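Shown next: coords-v7.cif, containing mmCIF, C-alpha atoms.
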```
data_data
loop_
_atom_site.label_atom_id
_atom_site.label_comp_id
_atom_site.auth_asym_id
_atom_site.auth_seq_id
_atom_site.Cartn_x
_atom_site.Cartn_y
_atom_site.Cartn_z
CA MET J 1151 24.63 59.96 38.80
CA GLU J 1152 23.43 61.29 42.10
CA ALA J 1153 21.46 64.47 42.86
CA LEU J 1154 22.08 66.33 46.09
CA LEU J 1155 19.29 68.76 46.94
CA ALA J 1156 20.45 71.55 49.23
CA ARG J 1157 17.65 73.22 51.22
CA SER J 1158 19.75 75.92 52.91
CA LEU J 1159 23.10 77.61 52.45
CA GLU J 1160 24.55 75.74 55.41
CA GLU J 1161 23.47 72.46 53.86
CA ALA J 1162 24.80 73.49 50.44
CA LEU J 1163 28.26 74.30 51.83
CA ALA J 1164 28.36 71.05 53.83
CA LEU J 1165 27.34 69.04 50.75
CA ARG J 1166 29.92 70.87 48.63
CA ALA J 1167 32.66 70.05 51.16
CA ALA J 1168 31.61 66.42 51.38
CA HIS J 1169 31.14 65.99 47.60
CA PRO J 1170 33.71 68.15 45.79
CA GLU J 1171 33.06 66.04 42.65
CA ALA J 1172 29.44 67.24 42.49
CA VAL J 1173 28.72 69.93 39.89
CA PRO J 1174 26.74 72.85 41.32
CA VAL J 1175 23.59 73.63 39.32
CA ALA J 1176 21.18 76.53 39.70
CA GLY J 1177 19.23 77.37 36.53
CA GLY J 1178 20.67 74.46 34.55
CA THR J 1179 20.72 76.44 31.31
CA ASP J 1180 24.42 75.70 30.65
CA LEU J 1181 24.84 72.36 32.39
CA MET J 1182 21.72 70.63 31.08
CA VAL J 1183 22.71 71.24 27.45
CA ALA J 1184 25.89 69.25 28.11
CA VAL J 1185 23.99 66.55 30.05
CA ASN J 1186 21.25 66.24 27.39
CA PHE J 1187 23.85 65.70 24.67
CA GLY J 1188 25.92 63.28 26.75
CA ARG J 1189 28.89 65.64 26.82
CA ALA J 1190 28.79 65.83 30.63
CA ARG J 1191 28.14 62.97 33.03
CA PRO J 1192 29.08 64.44 36.40
CA PRO J 1193 29.07 61.86 39.20
CA ALA J 1194 26.68 64.14 41.08
CA LEU J 1195 24.66 67.34 40.77
CA LEU J 1196 24.47 69.74 43.68
CA ASP J 1197 21.15 71.54 43.23
CA LEU J 1198 21.22 75.10 44.56
CA SER J 1199 17.90 76.23 43.10
CA ARG J 1200 16.06 76.18 46.42
CA VAL J 1201 18.74 77.84 48.58
CA GLN J 1202 16.82 80.96 49.66
CA GLU J 1203 19.89 82.73 51.05
CA LEU J 1204 21.33 82.95 47.53
CA ARG J 1205 18.14 84.32 45.99
CA SER J 1206 18.15 87.88 47.26
CA TRP J 1207 19.95 91.20 46.83
CA ARG J 1208 20.55 94.10 49.17
CA ARG J 1209 22.10 97.52 49.40
CA GLU J 1210 24.25 98.48 52.38
CA ASN J 1211 26.18 101.74 52.79
CA GLY J 1212 26.51 102.29 49.07
CA ALA J 1213 27.58 98.68 48.47
CA VAL J 1214 25.31 96.39 46.48
CA PHE J 1215 25.26 92.62 46.99
CA VAL J 1216 23.46 90.39 44.49
CA GLY J 1217 23.07 86.75 45.47
CA ALA J 1218 24.30 84.09 43.08
CA GLY J 1219 20.79 82.66 42.74
CA MET J 1220 19.24 85.86 41.39
CA THR J 1221 17.87 85.02 37.95
CA PHE J 1222 18.26 87.38 35.01
CA ALA J 1223 14.46 87.75 34.96
CA ARG J 1224 14.49 89.02 38.55
CA ILE J 1225 17.53 91.23 37.92
CA GLY J 1226 15.61 92.78 35.02
CA ARG J 1227 12.56 93.37 37.23
CA GLU J 1228 14.22 94.42 40.50
CA LEU J 1229 17.54 96.13 39.78
CA GLY J 1230 16.29 98.91 37.52
CA GLU J 1231 18.65 101.49 39.04
CA PHE J 1232 21.61 99.58 37.56
CA ARG J 1233 20.81 100.11 33.93
CA PRO J 1234 23.79 98.38 32.29
CA LEU J 1235 23.15 95.28 34.40
CA VAL J 1236 19.48 95.29 33.47
CA GLU J 1237 20.35 95.73 29.79
CA ALA J 1238 22.81 92.85 30.00
CA ALA J 1239 20.23 90.69 31.80
CA ARG J 1240 17.62 91.45 29.15
CA SER J 1241 20.05 90.38 26.42
CA VAL J 1242 20.47 86.89 27.90
CA GLY J 1243 18.79 84.11 25.89
CA SER J 1244 15.00 84.33 25.88
CA PRO J 1245 12.30 84.77 28.55
CA GLN J 1246 12.45 81.00 29.19
CA ILE J 1247 16.22 81.16 29.76
CA ARG J 1248 16.07 84.32 31.88
CA SER J 1249 13.52 82.66 34.19
CA ARG J 1250 16.18 80.16 35.25
CA ALA J 1251 19.66 81.42 34.39
CA THR J 1252 21.40 83.10 37.32
CA ILE J 1253 24.15 85.66 37.72
CA GLY J 1254 26.00 83.12 39.88
CA GLY J 1255 25.91 80.71 36.95
CA ASN J 1256 27.39 83.39 34.70
CA VAL J 1257 30.20 83.93 37.23
CA GLY J 1258 30.80 80.24 37.99
CA THR J 1259 30.78 79.20 34.33
CA ALA J 1260 33.22 82.07 33.63
CA SER J 1261 32.74 82.14 29.87
CA PRO J 1262 34.39 85.20 28.30
CA ALA J 1263 30.98 85.66 26.66
CA GLY J 1264 29.04 85.70 29.96
CA ASP J 1265 26.75 88.70 29.49
CA ALA J 1266 26.80 90.00 33.07
CA ILE J 1267 30.59 89.84 33.42
CA PRO J 1268 31.51 93.02 31.48
CA VAL J 1269 29.07 94.88 33.72
CA LEU J 1270 30.66 93.43 36.87
CA ALA J 1271 34.08 94.33 35.47
CA ALA J 1272 33.03 97.92 34.75
CA TYR J 1273 31.58 98.14 38.28
CA GLY J 1274 34.89 96.83 39.65
CA ALA J 1275 32.88 94.11 41.43
CA ALA J 1276 34.14 91.47 43.83
CA VAL J 1277 33.03 87.84 43.75
CA VAL J 1278 31.87 86.61 47.16
CA VAL J 1279 32.79 82.97 47.68
CA GLY J 1280 31.89 80.68 50.58
CA SER J 1281 32.78 77.29 52.00
CA THR J 1282 32.57 75.57 55.38
CA ARG J 1283 35.96 77.26 56.00
CA GLY J 1284 34.39 80.71 55.75
CA GLU J 1285 33.75 83.48 53.28
CA ARG J 1286 36.13 85.40 51.04
CA ARG J 1287 35.90 88.24 48.54
CA GLU J 1288 38.01 88.36 45.42
CA ALA J 1289 38.22 91.14 42.84
CA TRP J 1290 36.65 90.07 39.54
CA ASP J 1291 39.94 90.31 37.63
CA ALA J 1292 41.68 88.01 40.12
CA PHE J 1293 38.76 85.54 40.19
CA PHE J 1294 38.56 84.97 36.41
CA ILE J 1295 41.85 83.42 35.31
CA GLY J 1296 41.02 82.05 31.86
CA PRO J 1297 38.21 80.90 29.60
CA LYS J 1298 35.85 78.99 31.93
CA ARG J 1299 38.53 79.05 34.64
CA THR J 1300 38.31 80.70 38.04
CA THR J 1301 40.05 80.50 41.42
CA LEU J 1302 37.02 78.72 42.94
CA ALA J 1303 38.27 75.83 45.11
CA PRO J 1304 36.54 72.42 44.93
CA ASP J 1305 34.82 73.00 48.27
CA GLU J 1306 33.67 76.54 47.48
CA LEU J 1307 30.47 78.01 46.07
CA VAL J 1308 29.87 81.41 44.50
CA LEU J 1309 27.61 83.23 46.98
CA GLY J 1310 27.17 86.40 44.98
CA VAL J 1311 28.75 89.56 43.63
CA GLU J 1312 29.30 92.89 45.30
CA TRP J 1313 30.16 96.39 44.10
CA GLN J 1314 30.08 100.03 45.11
CA ALA J 1315 27.09 101.71 43.47
CA PRO J 1316 28.54 103.96 40.77
CA ASP J 1317 27.67 107.64 40.66
CA GLY J 1318 26.77 108.21 37.04
CA PRO J 1319 25.20 106.68 33.95
CA GLY J 1320 26.39 103.54 32.20
CA SER J 1321 25.45 101.37 29.26
CA PHE J 1322 25.74 97.84 27.94
CA ALA J 1323 26.03 96.80 24.30
CA LYS J 1324 26.31 93.45 22.57
CA VAL J 1325 26.76 92.29 18.99
CA GLY J 1326 25.15 89.10 17.75
CA THR J 1327 23.18 87.74 14.83
CA ARG J 1328 19.80 88.63 16.30
CA ASN J 1329 18.26 90.39 19.30
CA ALA J 1330 17.70 87.22 21.31
CA MET J 1331 19.20 83.78 21.88
CA VAL J 1332 22.64 85.10 21.08
CA ILE J 1333 26.03 84.28 22.53
CA ALA J 1334 27.84 87.61 22.23
CA ILE J 1335 30.32 88.02 19.38
CA ALA J 1336 31.45 91.12 21.26
CA GLY J 1337 30.00 92.83 24.31
CA LEU J 1338 30.85 95.89 26.27
CA CYS J 1339 29.94 97.88 29.36
CA LEU J 1340 30.79 101.53 29.87
CA GLN J 1341 30.30 103.21 33.22
CA LEU J 1342 30.89 106.85 34.16
CA ASP J 1343 31.75 107.94 37.67
CA LEU J 1344 30.83 111.61 37.85
CA ARG J 1345 32.30 112.12 41.31
CA ALA J 1346 35.67 110.48 40.62
CA ARG J 1347 35.57 111.75 37.02
CA THR J 1348 36.53 108.38 35.61
CA VAL J 1349 35.29 106.25 32.75
CA ARG J 1350 35.37 102.46 33.03
CA LEU J 1351 35.16 100.26 29.99
CA ALA J 1352 34.98 96.46 30.03
CA LEU J 1353 34.97 94.17 26.99
CA GLY J 1354 33.40 90.71 26.67
CA SER J 1355 33.92 87.90 24.14
CA VAL J 1356 37.09 89.47 22.74
CA ALA J 1357 39.80 87.97 25.00
CA PRO J 1358 40.32 84.80 27.11
CA THR J 1359 38.52 86.58 29.95
CA VAL J 1360 36.52 89.78 30.15
CA VAL J 1361 39.03 92.65 30.15
CA ARG J 1362 39.10 96.35 30.93
CA ALA J 1363 40.50 98.86 28.43
CA PRO J 1364 42.78 101.03 30.62
CA ASP J 1365 44.25 103.19 27.83
CA ALA J 1366 40.79 104.03 26.51
CA GLU J 1367 39.62 104.74 30.07
CA ALA J 1368 42.52 107.14 30.76
CA PHE J 1369 41.99 108.91 27.45
CA ALA J 1370 38.27 109.35 28.11
CA ALA J 1371 38.85 110.69 31.63
CA ASP J 1372 40.90 113.48 30.01
CA VAL J 1373 38.56 114.39 27.17
CA VAL J 1374 35.11 114.14 28.79
CA PRO J 1375 33.82 117.68 29.50
CA TRP J 1376 33.09 116.88 33.16
CA ASP J 1377 32.17 120.44 34.12
CA ASP J 1378 29.71 120.94 31.29
CA PRO J 1379 27.12 118.15 30.94
CA GLU J 1380 25.50 119.96 27.99
CA ARG J 1381 28.67 119.83 25.93
CA GLY J 1382 29.03 116.73 23.78
CA LEU J 1383 32.22 114.97 22.86
CA PRO J 1384 33.98 115.91 19.61
CA GLU J 1385 33.65 113.20 16.96
CA GLU J 1386 37.46 112.77 16.76
CA ALA J 1387 37.74 112.17 20.52
CA ALA J 1388 35.00 109.52 20.41
CA ALA J 1389 36.74 107.88 17.44
CA GLU J 1390 40.07 107.80 19.28
CA PHE J 1391 38.34 106.28 22.32
CA GLY J 1392 36.99 103.53 20.04
CA ARG J 1393 40.44 102.88 18.56
CA LEU J 1394 42.03 102.60 22.00
CA ALA J 1395 39.24 100.29 23.17
CA ALA J 1396 39.84 97.97 20.20
CA LEU J 1397 43.55 97.80 21.10
CA ALA J 1398 42.62 96.27 24.46
CA ALA J 1399 40.87 93.36 22.73
CA ARG J 1400 42.76 90.11 22.16
CA PRO J 1401 40.17 88.27 20.10
CA ILE J 1402 40.29 84.96 18.24
CA ASP J 1403 38.58 83.70 15.10
CA ASP J 1404 35.79 81.26 15.96
CA VAL J 1405 32.45 80.03 14.64
CA ARG J 1406 30.68 83.18 15.79
CA GLY J 1407 33.00 85.77 14.28
CA SER J 1408 36.51 86.61 13.16
CA ALA J 1409 39.07 88.40 15.31
CA ALA J 1410 39.07 91.33 12.87
CA TYR J 1411 35.28 91.66 13.07
CA ARG J 1412 35.42 91.56 16.86
CA ARG J 1413 38.01 94.36 16.98
CA HIS J 1414 35.88 96.41 14.62
CA ALA J 1415 32.77 95.73 16.71
CA VAL J 1416 34.53 96.90 19.88
CA GLU J 1417 35.67 100.09 18.17
CA VAL J 1418 32.16 100.95 16.99
CA LEU J 1419 30.40 99.91 20.24
CA ALA J 1420 32.86 101.84 22.43
CA ARG J 1421 32.54 105.00 20.36
CA ARG J 1422 28.75 104.87 20.46
CA ALA J 1423 28.59 103.88 24.13
CA LEU J 1424 30.66 106.89 25.19
CA ARG J 1425 28.65 109.39 23.18
CA TRP J 1426 25.30 107.89 24.20
CA THR J 1427 26.24 107.64 27.87
CA LEU J 1428 27.35 111.27 27.88
CA ALA J 1429 24.02 112.19 26.30
CA ASP J 1430 22.28 110.26 29.11
CA ARG J 1431 24.28 112.28 31.60
CA SER J 1432 22.90 115.52 30.29
CA ALA J 1433 19.40 113.98 30.25
CA GLY J 1434 19.87 113.08 33.93
CA ALA J 1435 19.51 109.33 33.45
CA CYS J 1436 21.64 106.77 35.23
CA MET Y 410 15.65 59.15 42.58
CA LEU Y 411 12.11 59.55 43.88
CA ILE Y 412 10.60 63.00 43.52
CA ARG Y 413 7.20 64.43 44.36
CA THR Y 414 5.78 67.13 42.16
CA THR Y 415 2.45 68.60 41.13
CA VAL Y 416 1.71 68.61 37.41
CA ASN Y 417 -1.37 70.48 36.22
CA GLY Y 418 -2.79 70.26 39.72
CA ARG Y 419 -2.22 66.50 40.06
CA ASP Y 420 0.23 65.16 42.67
CA CYS Y 421 2.77 62.76 41.18
CA GLU Y 422 5.48 60.62 42.66
CA VAL Y 423 8.03 59.66 40.03
CA ASP Y 424 11.33 57.81 40.04
CA VAL Y 425 13.73 59.72 37.76
CA TRP Y 426 17.35 59.43 36.69
CA PRO Y 427 19.11 62.34 38.48
CA GLY Y 428 20.36 63.76 35.17
CA ALA Y 429 16.92 63.64 33.50
CA SER Y 430 15.24 66.84 32.36
CA LEU Y 431 11.78 67.99 33.34
CA LEU Y 432 10.84 67.42 29.69
CA ALA Y 433 11.82 63.73 29.92
CA LEU Y 434 9.78 63.44 33.11
CA LEU Y 435 6.71 65.00 31.47
CA ARG Y 436 6.88 63.03 28.23
CA ASP Y 437 8.42 59.68 29.18
CA GLU Y 438 7.21 59.19 32.75
CA LEU Y 439 3.87 61.02 32.77
CA GLY Y 440 2.86 60.59 29.12
CA LEU Y 441 2.28 64.32 28.65
CA SER Y 442 3.52 64.68 25.08
CA GLY Y 443 2.18 68.20 24.48
CA SER Y 444 5.55 69.72 25.40
CA LYS Y 445 7.67 68.88 22.36
CA ASN Y 446 11.19 67.53 22.35
CA ALA Y 447 13.15 69.29 19.60
CA CYS Y 448 16.49 70.99 20.26
CA GLU Y 449 17.17 69.86 23.85
CA GLN Y 450 19.33 72.95 24.33
CA GLY Y 451 16.90 75.74 25.13
CA GLU Y 452 17.09 77.23 21.62
CA CYS Y 453 13.63 76.48 20.25
CA GLY Y 454 11.05 76.86 23.02
CA SER Y 455 9.02 73.82 21.84
CA CYS Y 456 9.09 72.44 25.39
CA SER Y 457 7.91 75.66 27.07
CA ALA Y 458 6.11 75.00 30.35
CA TRP Y 459 5.69 76.70 33.72
CA LEU Y 460 7.67 75.83 36.83
CA ASP Y 461 6.19 77.51 39.91
CA GLY Y 462 4.53 80.03 37.58
CA GLU Y 463 7.66 80.91 35.61
CA LEU Y 464 8.01 80.19 31.91
CA VAL Y 465 10.87 77.72 31.35
CA CYS Y 466 12.35 75.41 28.75
CA ALA Y 467 11.49 72.04 30.30
CA CYS Y 468 14.49 70.50 28.50
CA LEU Y 469 16.91 72.59 30.59
CA VAL Y 470 15.31 72.09 34.00
CA PRO Y 471 16.74 69.12 35.88
CA ALA Y 472 13.69 66.99 36.78
CA VAL Y 473 14.89 66.88 40.39
CA GLN Y 474 14.33 70.64 40.58
CA ALA Y 475 10.62 69.97 40.13
CA ASP Y 476 10.61 68.14 43.47
CA GLY Y 477 8.16 70.03 45.66
CA ALA Y 478 7.29 72.43 42.83
CA ALA Y 479 4.18 73.05 40.73
CA VAL Y 480 4.49 72.34 37.02
CA ARG Y 481 1.97 73.50 34.46
CA THR Y 482 1.99 72.36 30.84
CA VAL Y 483 0.13 73.07 27.62
CA GLU Y 484 -2.26 70.23 28.56
CA SER Y 485 -3.65 72.49 31.32
CA LEU Y 486 -5.00 75.01 28.83
CA GLY Y 487 -7.96 73.31 27.16
CA ASP Y 488 -10.51 71.34 29.14
CA GLY Y 489 -11.08 68.57 26.59
CA GLU Y 490 -14.17 70.16 25.07
CA ARG Y 491 -13.20 73.82 24.91
CA LEU Y 492 -9.93 75.30 23.76
CA HIS Y 493 -8.14 78.15 25.53
CA ALA Y 494 -8.71 81.57 23.91
CA VAL Y 495 -5.11 81.58 22.66
CA GLN Y 496 -5.54 78.15 21.05
CA ASP Y 497 -8.75 79.36 19.37
CA ALA Y 498 -6.91 82.42 18.12
CA PHE Y 499 -4.10 80.29 16.65
CA LEU Y 500 -6.73 78.31 14.71
CA ALA Y 501 -8.62 81.40 13.59
CA ALA Y 502 -5.50 83.24 12.47
CA GLY Y 503 -4.00 80.26 10.65
CA ALA Y 504 -1.00 80.37 12.96
CA VAL Y 505 -0.41 76.63 12.71
CA GLN Y 506 1.51 75.05 9.86
CA CYS Y 507 3.33 71.82 10.76
CA GLY Y 508 2.25 72.37 14.36
CA PHE Y 509 5.44 71.27 16.08
CA CYS Y 510 6.23 74.68 17.59
CA THR Y 511 2.57 75.39 18.37
CA PRO Y 512 2.35 74.10 21.98
CA GLY Y 513 5.43 76.10 22.96
CA MET Y 514 4.20 79.19 21.12
CA VAL Y 515 0.79 78.89 22.77
CA VAL Y 516 2.32 78.50 26.24
CA ALA Y 517 4.65 81.49 25.73
CA ALA Y 518 1.75 83.56 24.36
CA VAL Y 519 -0.49 82.64 27.32
CA ASP Y 520 2.36 83.57 29.66
CA LEU Y 521 2.68 86.96 27.97
CA LEU Y 522 -1.06 87.69 27.95
CA GLU Y 523 -1.39 86.76 31.63
CA ARG Y 524 1.14 89.53 32.40
CA ASP Y 525 0.28 91.99 29.62
CA PRO Y 526 -3.27 91.70 28.25
CA ALA Y 527 -2.68 94.22 25.45
CA PRO Y 528 0.87 93.75 24.17
CA THR Y 529 2.43 95.71 21.33
CA ASP Y 530 4.01 94.03 18.34
CA GLU Y 531 7.44 94.63 19.84
CA THR Y 532 6.45 93.14 23.21
CA ILE Y 533 5.08 90.03 21.48
CA ARG Y 534 8.26 89.62 19.45
CA GLU Y 535 10.39 89.86 22.58
CA ALA Y 536 8.13 87.47 24.52
CA LEU Y 537 8.25 84.89 21.71
CA ALA Y 538 11.95 85.40 20.92
CA GLY Y 539 12.79 82.02 22.45
CA ASN Y 540 10.30 80.11 20.29
CA LEU Y 541 11.31 79.05 16.80
CA CYS Y 542 8.91 78.19 13.98
CA ARG Y 543 10.78 76.27 11.30
CA CYS Y 544 7.85 76.85 8.92
CA THR Y 545 8.59 80.58 9.45
CA GLY Y 546 4.93 81.32 10.12
CA TYR Y 547 5.74 84.19 12.42
CA GLN Y 548 3.40 86.80 10.99
CA LYS Y 549 0.31 84.61 11.53
CA ILE Y 550 1.54 83.81 15.03
CA LEU Y 551 1.80 87.54 15.79
CA ASP Y 552 -1.71 87.97 14.35
CA ALA Y 553 -2.97 85.17 16.61
CA VAL Y 554 -1.55 86.77 19.76
CA HIS Y 555 -3.13 90.11 18.85
CA LEU Y 556 -6.42 88.33 18.14
CA ALA Y 557 -6.31 86.52 21.49
CA ALA Y 558 -5.52 89.80 23.25
CA ALA Y 559 -8.58 91.38 21.67
CA GLU Y 560 -10.90 88.51 22.71
CA PRO Y 561 -12.37 88.44 26.21
CA ALA Y 562 -10.64 85.57 28.07
#
```

The structure given in the file should be rewritten as structure tokens.
Amino acid sequence: MEALLARSLEEALALRAAHPEAVPVAGGTDLMVAVNFGRARPPALLDLSRVQELRSWRRENGAVFVGAGMTFARIGRELGEFRPLVEAARSVGSPQIRSRATIGGNVGTASPAGDAIPVLAAYGAAVVVGSTRGERREAWDAFFIGPKRTTLAPDELVLGVEWQAPDGPGSFAKVGTRNAMVIAIAGLCLQLDLRARTVRLALGSVAPTVVRAPDAEAFAADVVPWDDPERGLPEEAAAEFGRLAALAARPIDDVRGSAAYRRHAVEVLARRALRWTLADRSAGAC
Amino acid sequence: MLIRTTVNGRDCEVDVWPGASLLALLRDELGLSGSKNACEQGECGSCSAWLDGELVCACLVPAVQADGAAVRTVESLGDGERLHAVQDAFLAAGAVQCGFCTPGMVVAAVDLLERDPAPTDETIREALAGNLCRCTGYQKILDAVHLAAAEPA
């Protein structure tokens, strides 16, 4: 095995082009488990942990760009205005994991259980990808094509993620066996857009990729009392929203939970997320 | 692969296998066996250490990432004669049973107290969520962190 240490983005892209067999590594929290147990013996590692260009975020004209090398610890500390993202970041692993694990790793690994991905899906984010050939942006739902499968070419690196800052409150929820060190059995992000009067709902760990729940979204857009923030949502409407959300799930039985449990979890989480997020709206939170 | 790193203030030059973890470097190459090798998958926190000031599981950090970085381990806490206040508190509170999780717990607790000198129960639980005690001695460990927080450092 060989280790290639990139010191700049330019160097990282050149190394990636010259060594497409090298596995990119940032925090190492996924890859090193496989290496430690002998399940992965990549011919080379391409270390991205010291590429400064990937370790920043910025806001430009309402668009937000978060570099692939931003750790979940830093996202939790620095991106407070994006509450669902911060909640998702805080639910990742433990403090030790969050110190190292990056949002780019979540995107590149492309597990349907990646905690940040439902948030990116609810934001309608694009994945920014680079190579020595140039840069491209791809919508999240085009980028993720299956469990741990993306459209990333062998000479490309994930540079970051980008979205339009939503105008309204949102929330993240996750079901697991405890409050830390949990791979989601089901996860969900709900985001309101008060200007467009839309509700976006994305589900994690309940389909081959993270998915949106378009029928639930359309239903919610109709029943949310947009003109009256003080008015809550009738119980029956919230329940119907939960039922429609569960219909968007295509879960499987696995070691973490059964398909039936996952559908049930989505129904309950979606119902609560909508009511709680509407309550946050009247409280003026975002 | 030859890397240069600083461990507990000492400059080291070590030849490592490119797939080796920081934990293997600490234990096998440098003889620092305070960081324990247990799960090797970031679940248990027994190998907790600091990399450039951030709390990490040394088992999940590729050793090559420590090249040019500053590593701090549990061995940095006592000075041979005197224990760190957190170590004293673990003894006083009876927070040690088999002892295998103790170095990781102590490191995570020191990390917490350096950022938050008066943590609540909930904050301590969240800060130590990545450290497992198979003896299930969690209550005494919580007591120890509170005790250390109450003692002048």

Next on the checklist: I'd like the residues picked by the PyMOL selection byres ((chain J) within 8 of (chain Y)) written out as an MDAnalysis selection string, using the chain letters and numbers from the file.
Outcome noted: chainID J and resid 1151:1153 1177:1179 1182:1183 1185:1187 1195 1197 1199 1243:1247 1249:1250 1330:1331

Where does the PyMOL selection byres ((chain J and resi 1286) around 12) land in this file, that is, which residues does it pick, as a PDB file with C-alpha atoms, in the coordinates of the input?
```
ATOM      1  CA  ALA J1276      34.140  91.470  43.830  1.00  0.00           C
ATOM      2  CA  VAL J1277      33.030  87.840  43.750  1.00  0.00           C
ATOM      3  CA  VAL J1278      31.870  86.610  47.160  1.00  0.00           C
ATOM      4  CA  VAL J1279      32.790  82.970  47.680  1.00  0.00           C
ATOM      5  CA  GLY J1280      31.890  80.680  50.580  1.00  0.00           C
ATOM      6  CA  SER J1281      32.780  77.290  52.000  1.00  0.00           C
ATOM      7  CA  THR J1282      32.570  75.570  55.380  1.00  0.00           C
ATOM      8  CA  ARG J1283      35.960  77.260  56.000  1.00  0.00           C
ATOM      9  CA  GLY J1284      34.390  80.710  55.750  1.00  0.00           C
ATOM     10  CA  GLU J1285      33.750  83.480  53.280  1.00  0.00           C
ATOM     11  CA  ARG J1287      35.900  88.240  48.540  1.00  0.00           C
ATOM     12  CA  GLU J1288      38.010  88.360  45.420  1.00  0.00           C
ATOM     13  CA  ALA J1289      38.220  91.140  42.840  1.00  0.00           C
ATOM     14  CA  PHE J1293      38.760  85.540  40.190  1.00  0.00           C
ATOM     15  CA  THR J1301      40.050  80.500  41.420  1.00  0.00           C
ATOM     16  CA  LEU J1302      37.020  78.720  42.940  1.00  0.00           C
ATOM     17  CA  ALA J1303      38.270  75.830  45.110  1.00  0.00           C
ATOM     18  CA  GLU J1306      33.670  76.540  47.480  1.00  0.00           C
ATOM     19  CA  LEU J1307      30.470  78.010  46.070  1.00  0.00           C
ATOM     20  CA  VAL J1308      29.870  81.410  44.500  1.00  0.00           C
ATOM     21  CA  LEU J1309      27.610  83.230  46.980  1.00  0.00           C
ATOM     22  CA  GLY J1310      27.170  86.400  44.980  1.00  0.00           C
ATOM     23  CA  VAL J1311      28.750  89.560  43.630  1.00  0.00           C
ATOM     24  CA  GLU J1312      29.300  92.890  45.300  1.00  0.00           C
TER      25      GLU J1312
END
```

Checklist entry - With distances taken over only C-alpha atoms, which of J:Val1332, J:Ala1409, J:Ala1368, J:Ala1271 is nearest to Ala1352 of chain J? => result J:Ala1271

Next on the checklist: The residues within 9 Å of (29.9, 107.9, 21.4), using all atoms listed in the file and the coordinates of the file, should be reported as a list in words; which are they?
Outcome noted: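 These residues have at least one counted atom within 9 Å: Leu1383, Glu1385, Ala1387, Ala1388, Ala1389, Phe1391, Gly1392, Val1418, Leu1419, Ala1420, Arg1421, Arg1422, Ala1423, Leu1424, Arg1425, Trp1426, Thr1427, Leu1428 and Ala1429 of chain J.
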
Checklist entry - What is the distance between atom CA of Ala1156 of chain J and atom CA of Arg1205 of chain J, in Å to one decimal? => result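 These atoms are spaced 13.4 Å apart.
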
Item to check | Residues near Ala1239 of chain J, cut-off 7 Å, only C-alpha atoms, skip fewer than 6 positions along chain, as JSON, numbers by chain | outcome: {"J": [1222, 1225, 1226, 1266]}

Checklist entry - Which residues, written as a PyMOL selection string, have at least one atom at most 9 Å from Gly418 of chain Y, with all atoms listed in the file counted and residues fewer than 2 positions away on the same chain left out? => result chain Y and resi 415-416+420+479-481+485

Item to check | Pick from Y:Ala557, Y:Ile550, Y:Ala518, Y:Ala447 nearest to Gln506 of chain Y, counting all atoms listed in the file | outcome: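 Comparing Y:Ala557, Y:Ile550, Y:Ala518, Y:Ala447 against Gln506 of chain Y, the winner is Y:Ile550.
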
Next on the checklist: List the spatial neighbours of Cys544 of chain Y as a list in words - criterion: any atom at most 12 Å away, all atoms listed in the file, same-chain residues fewer than 2 positions off excluded.
Outcome noted: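 Listed by chain and then number, they are Ala504, Val505, Gln506, Cys507, Gly508, Phe509, Cys510, Thr511, Leu541, Cys542, Gly546, Tyr547, Gln548, Lys549 and Ile550 of chain Y.
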
Next on the checklist: as a list in words, please: the residues near segment 1325-1327 of chain J (cut-off 8 Å, only C-alpha atoms, same-chain neighbours under 5 positions excluded).
Outcome noted: Val1332, Ile1333, Ala1334, Ile1335, Ala1336, Gly1337 and Ala1415 of chain J

Working from the structure I just supplied, which lacks atoms in segment 1349-1356 of chain J, can you model N, CA and C atoms there and output them as a JSON list (two decimals), keeping the file's coordinate frame?
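Output file part_21.json follows:
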```json
[["chain", "number", "residue", "atom", "x", "y", "z"],
["J", 1349, "VAL", "N", 36.08, 107.04, 33.69],
["J", 1349, "VAL", "CA", 35.29, 106.25, 32.75],
["J", 1349, "VAL", "C", 35.82, 104.83, 32.83],
["J", 1350, "ARG", "N", 34.93, 103.86, 33.00],
["J", 1350, "ARG", "CA", 35.37, 102.46, 33.03],
["J", 1350, "ARG", "C", 34.76, 101.72, 31.86],
["J", 1351, "LEU", "N", 35.61, 100.97, 31.18],
["J", 1351, "LEU", "CA", 35.16, 100.26, 29.99],
["J", 1351, "LEU", "C", 35.61, 98.81, 30.06],
["J", 1352, "ALA", "N", 34.65, 97.89, 29.98],
["J", 1352, "ALA", "CA", 34.98, 96.46, 30.03],
["J", 1352, "ALA", "C", 34.47, 95.79, 28.76],
["J", 1353, "LEU", "N", 35.26, 94.84, 28.25],
["J", 1353, "LEU", "CA", 34.97, 94.17, 26.99],
["J", 1353, "LEU", "C", 34.73, 92.68, 27.21],
["J", 1354, "GLY", "N", 33.69, 92.14, 26.58],
["J", 1354, "GLY", "CA", 33.40, 90.71, 26.67],
["J", 1354, "GLY", "C", 33.55, 90.03, 25.32],
["J", 1355, "SER", "N", 33.85, 88.73, 25.35],
["J", 1355, "SER", "CA", 33.92, 87.90, 24.14],
["J", 1355, "SER", "C", 35.05, 88.26, 23.19],
["J", 1356, "VAL", "N", 36.01, 89.06, 23.64],
["J", 1356, "VAL", "CA", 37.09, 89.47, 22.74],
["J", 1356, "VAL", "C", 38.47, 89.19, 23.33]]
```
